[in-house]
$ cat target-v8.csv   # CSV, C-alpha atoms
chain,number,residue,atom,x,y,z
A,5,MET,CA,109.7,63.9,142.4
A,6,LEU,CA,107.8,66.8,140.9
A,7,SER,CA,110.1,69.4,139.2
A,8,ILE,CA,110.1,71.9,136.4
A,9,ILE,CA,112.8,71.0,133.9
A,10,GLN,CA,112.0,73.8,131.4
A,11,ASP,CA,110.2,76.7,132.9
A,12,ILE,CA,108.3,79.6,131.4
A,13,PRO,CA,110.3,82.9,132.0
A,14,ASP,CA,108.8,85.7,134.0
A,15,LEU,CA,108.4,87.6,130.7
A,16,VAL,CA,107.8,85.5,127.6
A,17,LEU,CA,106.8,85.9,124.0
A,18,SER,CA,103.7,83.9,123.1
A,19,SER,CA,105.7,82.1,120.3
A,20,GLN,CA,108.0,80.7,123.0
A,21,LEU,CA,105.4,79.2,125.4
A,22,ASP,CA,106.6,75.7,126.2
A,23,ILE,CA,107.0,73.9,129.6
A,24,VAL,CA,108.6,70.6,130.5
A,25,ILE,CA,107.7,69.0,133.8
A,26,GLY,CA,109.6,66.2,135.5
A,27,ALA,CA,107.6,63.6,137.4
A,28,ASP,CA,107.4,59.9,138.2
A,29,LYS,CA,103.6,59.9,138.5
A,30,GLN,CA,100.6,61.6,136.9
A,31,VAL,CA,100.6,65.4,136.9
A,32,THR,CA,97.7,67.8,137.0
A,33,PHE,CA,98.5,71.0,135.2
A,34,SER,CA,96.2,74.1,135.2
A,35,LEU,CA,96.6,77.4,133.4
A,36,SER,CA,94.7,80.5,134.6
A,37,LYS,CA,94.2,84.1,133.9
A,38,GLY,CA,92.8,86.4,136.5
A,39,GLY,CA,91.3,83.6,138.5
A,40,SER,CA,89.6,82.0,135.5
A,41,VAL,CA,90.9,78.5,134.6
A,42,ILE,CA,91.8,78.2,130.9
A,43,LEU,CA,93.2,74.7,130.9
A,44,GLN,CA,93.1,71.9,133.5
A,45,GLU,CA,94.4,68.4,132.5
A,46,THR,CA,96.0,65.4,134.0
A,47,TYR,CA,99.1,64.0,132.1
A,48,THR,CA,101.0,60.8,132.3
A,49,PRO,CA,104.8,61.2,132.1
A,50,ASP,CA,106.7,59.5,129.2
A,51,SER,CA,109.5,56.9,129.5
A,52,LYS,CA,111.9,59.7,130.6
A,53,ASN,CA,109.6,60.8,133.4
A,54,GLN,CA,108.8,64.0,131.6
A,55,VAL,CA,105.6,65.8,130.5
A,56,HIS,CA,105.9,68.3,127.6
A,57,ILE,CA,103.2,70.8,127.4
A,58,LEU,CA,103.4,72.6,124.0
A,59,ASP,CA,101.3,75.1,122.0
A,60,LEU,CA,99.9,77.0,125.0
A,61,PHE,CA,99.6,80.0,122.7
A,62,SER,CA,96.6,78.5,120.9
A,63,LEU,CA,94.7,78.7,124.3
A,64,MET,CA,96.0,82.1,125.2
A,65,GLU,CA,95.5,83.8,121.8
A,66,PRO,CA,91.9,85.0,122.3
A,67,TYR,CA,93.0,86.8,125.5
A,68,LEU,CA,96.2,88.2,123.9
A,69,LEU,CA,94.4,89.6,120.9
A,70,THR,CA,92.3,91.7,123.3
A,71,ALA,CA,95.3,92.6,125.6
A,72,PRO,CA,98.6,91.9,123.9
A,73,LEU,CA,100.5,92.1,127.2
A,74,SER,CA,98.8,89.9,129.9
A,75,GLN,CA,99.5,88.1,133.1
A,76,PHE,CA,98.9,84.3,133.4
A,77,SER,CA,99.7,81.7,136.0
A,78,TYR,CA,100.1,77.9,136.2
A,79,THR,CA,100.0,75.3,138.9
A,80,CYS,CA,101.5,71.8,138.7
A,81,SER,CA,100.5,69.1,141.2
A,82,ALA,CA,101.0,65.4,141.8
A,83,SER,CA,99.6,63.2,144.5
A,84,SER,CA,101.5,63.5,147.8
A,85,GLU,CA,103.8,66.1,146.2
A,86,THR,CA,104.0,69.8,147.0
A,87,SER,CA,102.4,71.8,144.1
A,88,ILE,CA,104.4,74.2,142.0
A,89,SER,CA,102.9,77.5,140.9
A,90,LYS,CA,104.2,80.5,139.0
A,91,THR,CA,102.8,83.8,137.6
A,92,PHE,CA,104.3,85.1,134.4
A,93,ILE,CA,103.6,87.8,131.7
A,94,VAL,CA,103.1,87.0,128.1
A,95,LEU,CA,103.6,89.4,125.1
A,96,LEU,CA,101.8,88.5,121.9
A,97,SER,CA,104.2,87.7,119.2
A,98,GLN,CA,103.5,85.8,116.0
A,99,TYR,CA,107.2,85.6,115.2
A,100,LEU,CA,109.8,83.2,116.4
A,101,ILE,CA,112.4,85.6,117.7
A,102,PRO,CA,116.0,84.5,118.7
A,103,GLY,CA,116.8,85.6,122.2
A,104,SER,CA,114.6,86.3,125.2
A,105,ALA,CA,111.5,88.4,125.4
A,106,THR,CA,113.3,90.8,127.8
A,107,ASP,CA,116.1,91.4,125.3
A,108,PHE,CA,113.6,92.0,122.5
A,109,VAL,CA,111.4,94.5,124.3
A,110,ASN,CA,114.5,96.4,125.5
A,111,ASN,CA,116.1,96.7,122.1
A,112,TYR,CA,113.2,96.9,119.6
A,113,PHE,CA,109.9,98.6,119.0
A,114,LEU,CA,106.8,96.4,118.5
A,115,THR,CA,106.9,96.3,114.8
A,116,ALA,CA,108.1,93.8,112.1
A,117,LEU,CA,110.5,96.4,110.9
A,118,ALA,CA,112.8,95.6,113.8
A,119,GLY,CA,114.9,98.7,113.3
A,120,ARG,CA,115.0,98.5,109.5
A,121,ASP,CA,114.3,101.7,107.5
A,122,LYS,CA,110.7,102.7,106.6
A,123,ILE,CA,109.8,105.0,103.7
A,124,THR,CA,107.2,107.6,104.6
A,125,SER,CA,106.1,111.1,103.5
A,126,PHE,CA,104.5,114.2,105.1
A,127,ASP,CA,100.9,113.3,104.5
A,128,ARG,CA,101.2,110.0,106.4
A,129,LYS,CA,100.5,109.0,109.9
A,130,GLU,CA,103.2,107.0,111.7
A,131,THR,CA,102.9,105.4,115.2
A,132,LEU,CA,105.4,103.3,117.2
A,133,TYR,CA,104.7,101.1,120.2
A,134,LEU,CA,107.1,100.0,122.9
A,135,THR,CA,107.0,98.2,126.3
A,136,THR,CA,109.3,97.0,129.0
A,137,GLY,CA,107.1,94.0,129.7
A,138,LYS,CA,105.7,95.3,133.0
A,139,ILE,CA,102.0,95.1,133.7
A,140,SER,CA,101.9,97.7,136.5
A,141,SER,CA,103.8,100.9,137.1
A,142,GLY,CA,107.4,100.8,138.4
A,143,GLY,CA,107.5,104.5,139.1
A,144,THR,CA,109.9,105.3,136.2
A,145,SER,CA,109.4,106.4,132.6
A,146,ILE,CA,111.1,106.0,129.2
A,147,SER,CA,112.5,109.1,127.5
A,148,ILE,CA,111.9,109.3,123.7
A,149,SER,CA,113.8,111.5,121.3
A,150,VAL,CA,114.1,111.9,117.6
A,151,GLU,CA,117.2,112.8,115.6
A,152,CYS,CA,116.3,114.7,112.4
A,153,VAL,CA,118.5,115.3,109.4
A,154,PHE,CA,117.5,118.2,107.2
A,155,VAL,CA,118.9,119.7,104.0
A,156,ASN,CA,118.4,123.1,102.4
A,157,GLU,CA,118.6,124.3,98.8
A,158,SER,CA,122.4,124.7,99.0
A,159,ASN,CA,122.6,121.0,100.1
A,160,LYS,CA,123.7,122.1,103.6
A,161,ILE,CA,122.9,119.4,106.1
A,162,TYR,CA,121.4,120.3,109.5
A,163,THR,CA,120.9,117.8,112.3
A,164,SER,CA,118.6,118.4,115.2
A,165,VAL,CA,117.8,116.2,118.2
A,166,ARG,CA,114.3,116.8,119.7
A,167,SER,CA,112.6,115.4,122.7
A,168,LEU,CA,109.2,113.6,122.3
A,169,GLY,CA,108.8,113.5,126.1
A,170,THR,CA,108.5,110.4,128.2
A,171,VAL,CA,106.0,107.5,128.6
A,172,PRO,CA,105.4,105.3,131.6
A,173,ASP,CA,107.4,102.1,131.5
A,174,TYR,CA,104.5,99.7,132.0
A,175,ASN,CA,102.1,98.1,129.6
A,176,ILE,CA,102.3,99.0,125.9
A,177,ARG,CA,102.7,102.6,125.0
A,178,SER,CA,102.2,104.4,121.7
A,179,VAL,CA,104.2,107.3,120.3
A,180,ASP,CA,103.1,109.6,117.4
A,181,VAL,CA,106.1,109.8,115.1
A,182,SER,CA,104.4,111.2,112.0
A,183,PRO,CA,106.9,113.2,109.9
A,184,SER,CA,104.7,116.3,109.9
A,185,ARG,CA,105.8,116.8,113.6
A,186,PHE,CA,109.4,117.5,112.5
A,187,THR,CA,110.0,120.6,110.5
A,188,GLN,CA,112.7,123.2,110.2
A,189,SER,CA,112.3,126.6,108.5
A,190,GLY,CA,114.3,126.8,105.2
A,191,TYR,CA,115.1,123.0,105.3
A,192,LYS,CA,113.5,119.8,104.0
A,193,LEU,CA,113.5,116.7,106.2
A,194,LEU,CA,115.6,113.9,104.8
A,195,ARG,CA,115.3,111.2,107.5
A,196,TYR,CA,114.7,110.9,111.2
A,197,THR,CA,115.5,108.3,113.8
A,198,VAL,CA,113.2,107.7,116.8
A,199,ILE,CA,115.2,106.6,119.9
A,200,ALA,CA,113.9,105.1,123.1
A,201,GLY,CA,116.7,103.7,125.2
A,202,ALA,CA,118.4,101.1,123.0
A,203,ARG,CA,115.4,101.0,120.6
A,204,LYS,CA,115.9,102.8,117.2
A,205,GLN,CA,113.6,103.2,114.2
A,206,VAL,CA,114.7,105.0,111.0
A,207,TYR,CA,112.2,106.8,108.7
A,208,ARG,CA,113.2,108.1,105.3
A,209,LEU,CA,111.2,110.8,103.5
A,210,ASP,CA,109.8,110.5,100.0
A,211,HIS,CA,109.4,114.1,98.9
A,212,ASP,CA,107.6,113.2,95.7
A,213,GLU,CA,104.6,112.5,98.1
A,214,PRO,CA,102.9,110.0,95.7
A,215,ASP,CA,99.2,109.4,95.9
A,216,SER,CA,98.7,106.6,98.4
A,217,ILE,CA,96.0,104.5,100.0
A,218,GLY,CA,96.5,104.0,103.7
A,219,ILE,CA,95.9,100.8,105.6
A,220,LYS,CA,95.7,100.5,109.3
A,221,PHE,CA,96.2,97.0,110.6
A,222,ARG,CA,96.8,95.0,113.8
A,223,ASN,CA,100.4,93.7,113.6
A,224,SER,CA,101.9,90.5,114.9
A,225,PHE,CA,102.5,92.1,118.3
A,226,GLY,CA,98.8,93.2,118.7
A,227,CYS,CA,99.5,96.9,117.9
A,228,MET,CA,97.8,99.1,115.3
A,229,GLU,CA,100.2,100.1,112.6
A,230,THR,CA,99.9,101.8,109.2
A,231,PHE,CA,101.1,101.0,105.7
A,232,TYR,CA,100.6,103.0,102.6
A,233,PHE,CA,100.1,101.5,99.1
A,234,ILE,CA,101.5,103.8,96.3
A,235,GLY,CA,100.9,101.4,93.4
A,236,THR,CA,97.7,100.7,91.4
A,237,ASP,CA,94.2,100.2,92.9
A,238,LYS,CA,92.3,97.7,90.8
A,239,LEU,CA,88.6,97.2,91.3
A,240,GLU,CA,86.8,94.0,90.2
A,241,PRO,CA,83.1,93.9,91.1
A,242,GLU,CA,81.7,90.4,91.1
A,243,LEU,CA,78.0,89.8,90.9
A,244,SER,CA,76.3,86.5,91.7
A,245,ARG,CA,72.7,86.4,90.6
A,246,SER,CA,69.9,84.0,91.7
A,247,ALA,CA,66.9,83.8,89.4
A,248,ALA,CA,63.8,81.7,89.0
A,249,TYR,CA,60.4,81.7,87.2
A,250,PHE,CA,57.6,83.6,89.0
A,251,ASN,CA,54.2,83.3,87.4
A,252,GLY,CA,55.8,82.3,84.1
A,253,THR,CA,58.3,85.1,84.2
A,254,TYR,CA,62.0,84.5,84.7
A,255,ARG,CA,63.2,87.1,87.2
A,256,THR,CA,66.3,87.8,89.3
A,257,TYR,CA,65.3,87.7,93.0
A,258,HIS,CA,68.7,88.1,94.7
A,259,ILE,CA,72.1,89.6,93.8
A,260,ASP,CA,75.2,89.1,95.9
A,261,GLU,CA,78.0,91.5,95.2
A,262,GLN,CA,81.6,91.5,96.2
A,263,ARG,CA,83.7,94.5,95.2
A,264,LYS,CA,87.3,93.2,95.1
A,265,HIS,CA,90.0,95.8,95.4
A,266,THR,CA,93.6,94.9,94.6
A,267,LEU,CA,96.2,97.2,96.0
A,268,SER,CA,99.9,97.3,94.9
A,269,THR,CA,102.7,98.5,97.1
A,270,GLY,CA,104.7,99.8,94.1
A,271,TYR,CA,108.4,99.0,94.3
A,272,ILE,CA,109.6,99.1,97.9
A,273,PRO,CA,113.0,98.5,99.5
A,274,GLU,CA,113.9,95.2,101.1
A,275,SER,CA,113.7,96.8,104.6
A,276,MET,CA,109.9,96.9,104.3
A,277,TYR,CA,109.3,93.3,103.0
A,278,SER,CA,108.5,92.0,106.5
A,279,LEU,CA,106.0,94.8,107.0
A,280,VAL,CA,104.0,93.8,103.9
A,281,ASP,CA,104.0,90.2,105.2
A,282,ASP,CA,102.5,91.5,108.4
A,283,VAL,CA,99.7,93.3,106.6
A,284,ALA,CA,98.9,90.2,104.6
A,285,ARG,CA,98.5,88.0,107.7
A,286,SER,CA,96.6,90.5,109.8
A,287,GLN,CA,93.1,89.6,110.9
A,288,GLU,CA,92.0,93.2,111.7
A,289,VAL,CA,92.5,95.7,108.9
A,290,TYR,CA,91.0,99.2,108.2
A,291,LEU,CA,91.0,101.4,105.1
A,292,ILE,CA,92.0,104.9,106.0
A,293,ASP,CA,89.6,107.3,104.2
A,294,GLY,CA,90.2,110.8,105.4
A,295,SER,CA,89.3,110.8,109.1
A,296,GLU,CA,87.3,107.6,108.7
A,297,GLU,CA,88.5,104.0,109.2
A,298,ILE,CA,86.5,101.5,107.2
A,299,PRO,CA,86.8,97.8,108.2
A,300,ILE,CA,88.0,95.6,105.4
A,301,THR,CA,88.9,91.9,105.0
A,302,ILE,CA,91.9,90.7,103.1
A,303,ILE,CA,90.9,87.7,101.0
A,304,ASP,CA,94.1,87.2,99.0
A,305,SER,CA,97.7,88.4,98.8
A,306,ASP,CA,100.8,88.0,96.7
A,307,THR,CA,104.0,88.6,98.6
A,308,GLN,CA,106.2,86.1,96.9
A,309,ARG,CA,109.8,87.0,96.1
A,310,ASP,CA,113.1,85.3,95.2
A,311,THR,CA,116.8,85.7,95.5
A,312,SER,CA,117.3,87.8,92.3
A,313,ASN,CA,119.8,90.6,92.6
A,314,ASP,CA,117.6,93.5,91.3
A,315,GLY,CA,116.2,94.0,94.8
A,316,LEU,CA,113.0,95.5,93.4
A,317,PHE,CA,109.7,93.8,94.3
A,318,SER,CA,106.1,94.9,94.3
A,319,PHE,CA,103.5,93.1,96.3
A,320,THR,CA,99.7,93.1,96.3
A,321,ILE,CA,96.8,92.4,98.6
A,322,THR,CA,93.1,91.9,97.6
A,323,TYR,CA,90.4,93.0,100.0
A,324,ILE,CA,86.6,93.5,100.2
A,325,LEU,CA,84.7,95.7,102.6
A,326,SER,CA,83.8,93.8,105.8
A,327,SER,CA,80.2,95.2,105.6
A,328,ARG,CA,77.6,93.1,103.9
A,329,CYS,CA,76.7,96.1,101.8
A,330,GLN,CA,79.7,96.5,99.4
A,331,ASN,CA,78.6,99.7,97.8
A,332,ARG,CA,79.7,103.0,99.3
A,333,LEU,CA,78.3,106.2,97.8
A,334,LYS,CA,80.7,109.2,98.0
A,335,LEU,CA,78.9,112.5,98.4
A,336,LEU,CA,80.2,115.8,97.1
A,337,PRO,CA,81.6,117.9,99.9
A,338,ASP,CA,80.0,121.3,100.7
A,339,ILE,CA,81.8,123.9,98.6
A,340,PHE,CA,80.2,126.9,100.3
A,341,ASP,CA,79.0,127.4,103.8
A,342,ASP,CA,75.5,128.5,104.8
A,343,THR,CA,76.3,132.2,104.7
A,344,PHE,CA,77.3,132.2,101.0
A,345,ASP,CA,73.9,133.3,99.6
A,346,ASP,CA,73.9,136.3,102.0
A,347,THR,CA,77.3,137.5,101.0
A,348,TYR,CA,76.2,139.8,98.2
A,349,ASN,CA,72.8,140.9,99.5

$ encode --input "target-v8.csv" --output "structure tokens"
Amino acid sequence: MLSIIQDIPDLVLSSQLDIVIGADKQVTFSLSKGGSVILQETYTPDSKNQVHILDLFSLMEPYLLTAPLSQFSYTCSASSETSISKTFIVLLSQYLIPGSATDFVNNYFLTALAGRDKITSFDRKETLYLTTGKISSGGTSISISVECVFVNESNKIYTSVRSLGTVPDYNIRSVDVSPSRFTQSGYKLLRYTVIAGARKQVYRLDHDEPDSIGIKFRNSFGCMETFYFIGTDKLEPELSRSAAYFNGTYRTYHIDEQRKHTLSTGYIPESMYSLVDDVARSQEVYLIDGSEEIPITIIDSDTQRDTSNDGLFSFTITYILSSRCQNRLKLLPDIFDDTFDDTYN
């Protein structure tokens, strides 16, 4: 008798994709996306008349990296048995998360912070992503607000709740939550909390506004997130030379250069540790250089930590430019416009 012992939920995280089929004869299993067959295999049940199909994520990953929220379907069939089919939605997640995908998307934004505080400052760009797990519109929307806490020179606290509008409740939606959006005359912003239903994300302001190097990366949920390194930036050019004799003269005929940059986070709070891990494992990373985003490749990282009580850790990543040409020449900006020479005529 063909049956599904452990089914795939209607909405599932990619890290939870397992299915167990009950059958007393060979089973043909096919997995499809949009009419295209990804997998089609015939399996023989084990001694318990079960077929365990595991690690489907490895087959779906190329599709989910392009569209982190996607719809798939499967069909199980056995000779002389009625086939079983199902369509389901998968959200990319490179984390094992306790609980269901529905509980997760309804209670958390799509970031490794998972509600823990993030340190930011006014010169930084911050973006949050959320979803309800629907592919198509359900005709409703999600209201987003921000609760801001300000302080003035007399240490008087002022709290303000502001609306950021609404977003449709299907697919994955982004919200600009950069601190520069939240100001109050005569006050400084201390912290703010972004709220969307049961989802909450807290940001705390660093008013020293230290020099930072911004990184934009695709996180473990397939969304583009930012992280700012406020520690050291170490540059280590490495040159590999190839040389040979030409007409009796020993000459270099090829030089391969890699300019390795090592960025340090500086000391960061424990609430941001998981975000650094997410940067280190990301396969798509960009260096934020003004309005330009330069593709880079992370080649090494050091995010180790222990159970010491000081709670102060600094982490590093090492990257090279993704371009074959490693050298970038920075030009001086135009100080005067074209009319300067005519000003005093």

$ residues_around --input "target-v8.csv" --residues "A:Leu17" --least-positions-apart "4" --cutoff "8 Å" --atoms "only C-alpha atoms" --output "list in words"
Leu21, Val94, Leu95, Leu96, Ser97, Ser104 and Ala105 of chain A

$ write_last_selection --input "target-v8.csv" --atoms "C-alpha atoms" --output "PDB file, keeping the file's coordinate frame"
ATOM      1  CA  LEU A  21     105.400  79.200 125.400  1.00  0.00           C
ATOM      2  CA  VAL A  94     103.100  87.000 128.100  1.00  0.00           C
ATOM      3  CA  LEU A  95     103.600  89.400 125.100  1.00  0.00           C
ATOM      4  CA  LEU A  96     101.800  88.500 121.900  1.00  0.00           C
ATOM      5  CA  SER A  97     104.200  87.700 119.200  1.00  0.00           C
ATOM      6  CA  SER A 104     114.600  86.300 125.200  1.00  0.00           C
ATOM      7  CA  ALA A 105     111.500  88.400 125.400  1.00  0.00           C
TER       8      ALA A 105
END

$ residues_around --input "target-v8.csv" --residues "stretch 42-56 of chain A" --least-positions-apart "4" --cutoff "6 Å" --atoms "only C-alpha atoms" --output "MDAnalysis selection string"
chainID A and resid 24:28 30:36

$ closest_residue --input "target-v8.csv" --among "A:Lys122, A:Lys192, A:Lys90, A:Arg185" --to "A:Ser275" --atoms "all atoms listed in the file"
A:Lys122

$ residues_around --input "target-v8.csv" --residues "A:Phe221" --least-positions-apart "6" --cutoff "7 Å" --atoms "only C-alpha atoms" --output "PyMOL selection string"
chain A and resi 228-230+283+286+288-290

$ residues_near_point --input "target-v8.csv" --point "(105.6, 88.1, 141.1)" --cutoff "12 Å" --atoms "all atoms listed in the file" --output "PyMOL selection string"
chain A and resi 13-15+75-77+89-93+138-140

$ atom_distance --input "target-v8.csv" --atom1 "atom CA of A:Arg263" --atom2 "atom CA of A:Tyr323"
8.4 Å

$ closest_residue --input "target-v8.csv" --among "A:Cys152, A:Gly218, A:Leu58, A:Asp173" --to "A:Leu291" --atoms "all atoms listed in the file"
A:Gly218

$ closest_residue --input "target-v8.csv" --among "A:Thr163, A:Thr197, A:Thr115, A:Ser7" --to "A:Gly226" --atoms "only C-alpha atoms"
A:Thr115

$ closest_residue --input "target-v8.csv" --among "A:Asp237, A:Val155, A:Ile161, A:Pro172" --to "A:Gly143" --atoms "all atoms listed in the file"
A:Pro172

$ closest_residue --input "target-v8.csv" --among "A:Glu130, A:Glu242, A:Asp310, A:Asp107" --to "A:His265" --atoms "all atoms listed in the file"
A:Glu242

$ residues_around --input "target-v8.csv" --residues "A:Ile146" --least-positions-apart "4" --cutoff "9 Å" --atoms "only C-alpha atoms" --output "ChimeraX atom specification"
/A:169-173,200-201

$ residues_around --input "target-v8.csv" --residues "stretch 175-180 of chain A" --least-positions-apart "3" --cutoff "6 Å" --atoms "all atoms listed in the file" --output "ChimeraX atom specification"
/A:131-135,138-139

$ closest_residue --input "target-v8.csv" --among "A:Arg285, A:Lys129, A:Arg328, A:Arg309" --to "A:Glu261" --atoms "only C-alpha atoms"
A:Arg328

$ atom_distance --input "target-v8.csv" --atom1 "atom CA of A:Lys37" --atom2 "atom CA of A:Ala116"
27.6 Å

$ atom_distance --input "target-v8.csv" --atom1 "atom CA of A:Phe231" --atom2 "atom CA of A:Ser305"
14.8 Å

$ residues_near_point --input "target-v8.csv" --point "(112.2, 83.1, 122.5)" --cutoff "8 Å" --atoms "all atoms listed in the file" --output "list of chain:residue names"
A:Val16, A:Leu17, A:Ser19, A:Gln20, A:Leu100, A:Ile101, A:Pro102, A:Gly103, A:Ser104, A:Ala105

$ decode --input "target-v8.csv" --residues "stretch 241-249 of chain A" --atoms "all heavy atoms" --output "PDB file, in the first residue's frame"
ATOM      1  N   PRO A 241      49.584  42.466  -0.665  1.00  0.00           N
ATOM      2  CA  PRO A 241      49.734  42.089  -2.076  1.00  0.00           C
ATOM      3  C   PRO A 241      50.660  40.874  -2.206  1.00  0.00           C
ATOM      4  O   PRO A 241      51.725  40.817  -1.578  1.00  0.00           O
ATOM      5  CB  PRO A 241      50.364  43.331  -2.707  1.00  0.00           C
ATOM      6  CG  PRO A 241      50.161  44.428  -1.710  1.00  0.00           C
ATOM      7  CD  PRO A 241      50.158  43.775  -0.377  1.00  0.00           C
ATOM      8  N   GLU A 242      50.246  39.899  -3.000  1.00  0.00           N
ATOM      9  CA  GLU A 242      51.071  38.720  -3.276  1.00  0.00           C
ATOM     10  C   GLU A 242      51.320  38.634  -4.770  1.00  0.00           C
ATOM     11  O   GLU A 242      50.370  38.584  -5.564  1.00  0.00           O
ATOM     12  CB  GLU A 242      50.380  37.441  -2.775  1.00  0.00           C
ATOM     13  CG  GLU A 242      50.343  37.310  -1.267  1.00  0.00           C
ATOM     14  CD  GLU A 242      49.820  35.940  -0.826  1.00  0.00           C
ATOM     15  OE1 GLU A 242      49.503  35.122  -1.727  1.00  0.00           O
ATOM     16  OE2 GLU A 242      49.716  35.706   0.379  1.00  0.00           O
ATOM     17  N   LEU A 243      52.587  38.612  -5.152  1.00  0.00           N
ATOM     18  CA  LEU A 243      52.964  38.542  -6.557  1.00  0.00           C
ATOM     19  C   LEU A 243      53.622  37.200  -6.857  1.00  0.00           C
ATOM     20  O   LEU A 243      54.576  36.814  -6.176  1.00  0.00           O
ATOM     21  CB  LEU A 243      53.921  39.679  -6.913  1.00  0.00           C
ATOM     22  CG  LEU A 243      53.387  41.110  -6.715  1.00  0.00           C
ATOM     23  CD1 LEU A 243      54.490  42.121  -7.004  1.00  0.00           C
ATOM     24  CD2 LEU A 243      52.196  41.357  -7.614  1.00  0.00           C
ATOM     25  N   SER A 244      53.125  36.512  -7.868  1.00  0.00           N
ATOM     26  CA  SER A 244      53.730  35.264  -8.336  1.00  0.00           C
ATOM     27  C   SER A 244      54.311  35.525  -9.726  1.00  0.00           C
ATOM     28  O   SER A 244      53.563  35.877 -10.653  1.00  0.00           O
ATOM     29  CB  SER A 244      52.688  34.140  -8.392  1.00  0.00           C
ATOM     30  OG  SER A 244      52.146  33.901  -7.108  1.00  0.00           O
ATOM     31  N   ARG A 245      55.616  35.334  -9.840  1.00  0.00           N
ATOM     32  CA  ARG A 245      56.291  35.658 -11.095  1.00  0.00           C
ATOM     33  C   ARG A 245      56.708  34.395 -11.843  1.00  0.00           C
ATOM     34  O   ARG A 245      57.198  33.451 -11.244  1.00  0.00           O
ATOM     35  CB  ARG A 245      57.524  36.524 -10.827  1.00  0.00           C
ATOM     36  CG  ARG A 245      57.205  37.880 -10.212  1.00  0.00           C
ATOM     37  CD  ARG A 245      58.472  38.647  -9.867  1.00  0.00           C
ATOM     38  NE  ARG A 245      58.195  40.007  -9.414  1.00  0.00           N
ATOM     39  CZ  ARG A 245      57.900  40.318  -8.158  1.00  0.00           C
ATOM     40  NH1 ARG A 245      57.860  39.357  -7.227  1.00  0.00           N
ATOM     41  NH2 ARG A 245      57.645  41.572  -7.823  1.00  0.00           N
ATOM     42  N   SER A 246      56.498  34.432 -13.147  1.00  0.00           N
ATOM     43  CA  SER A 246      56.987  33.368 -14.028  1.00  0.00           C
ATOM     44  C   SER A 246      58.064  33.963 -14.934  1.00  0.00           C
ATOM     45  O   SER A 246      57.843  35.003 -15.563  1.00  0.00           O
ATOM     46  CB  SER A 246      55.845  32.790 -14.871  1.00  0.00           C
ATOM     47  OG  SER A 246      54.838  32.248 -14.034  1.00  0.00           O
ATOM     48  N   ALA A 247      59.221  33.300 -14.981  1.00  0.00           N
ATOM     49  CA  ALA A 247      60.342  33.852 -15.743  1.00  0.00           C
ATOM     50  C   ALA A 247      61.057  32.740 -16.511  1.00  0.00           C
ATOM     51  O   ALA A 247      60.960  31.558 -16.162  1.00  0.00           O
ATOM     52  CB  ALA A 247      61.324  34.570 -14.816  1.00  0.00           C
ATOM     53  N   ALA A 248      61.769  33.115 -17.555  1.00  0.00           N
ATOM     54  CA  ALA A 248      62.524  32.158 -18.367  1.00  0.00           C
ATOM     55  C   ALA A 248      63.574  32.923 -19.171  1.00  0.00           C
ATOM     56  O   ALA A 248      63.566  34.162 -19.220  1.00  0.00           O
ATOM     57  CB  ALA A 248      61.587  31.385 -19.288  1.00  0.00           C
ATOM     58  N   TYR A 249      64.502  32.167 -19.783  1.00  0.00           N
ATOM     59  CA  TYR A 249      65.528  32.777 -20.627  1.00  0.00           C
ATOM     60  C   TYR A 249      64.971  33.002 -22.031  1.00  0.00           C
ATOM     61  O   TYR A 249      64.377  32.089 -22.636  1.00  0.00           O
ATOM     62  CB  TYR A 249      66.755  31.886 -20.702  1.00  0.00           C
ATOM     63  CG  TYR A 249      67.643  31.995 -19.485  1.00  0.00           C
ATOM     64  CD1 TYR A 249      67.552  31.067 -18.458  1.00  0.00           C
ATOM     65  CD2 TYR A 249      68.566  33.044 -19.375  1.00  0.00           C
ATOM     66  CE1 TYR A 249      68.356  31.162 -17.338  1.00  0.00           C
ATOM     67  CE2 TYR A 249      69.374  33.152 -18.261  1.00  0.00           C
ATOM     68  CZ  TYR A 249      69.266  32.218 -17.236  1.00  0.00           C
ATOM     69  OH  TYR A 249      70.057  32.327 -16.134  1.00  0.00           O
TER      70      TYR A 249
END
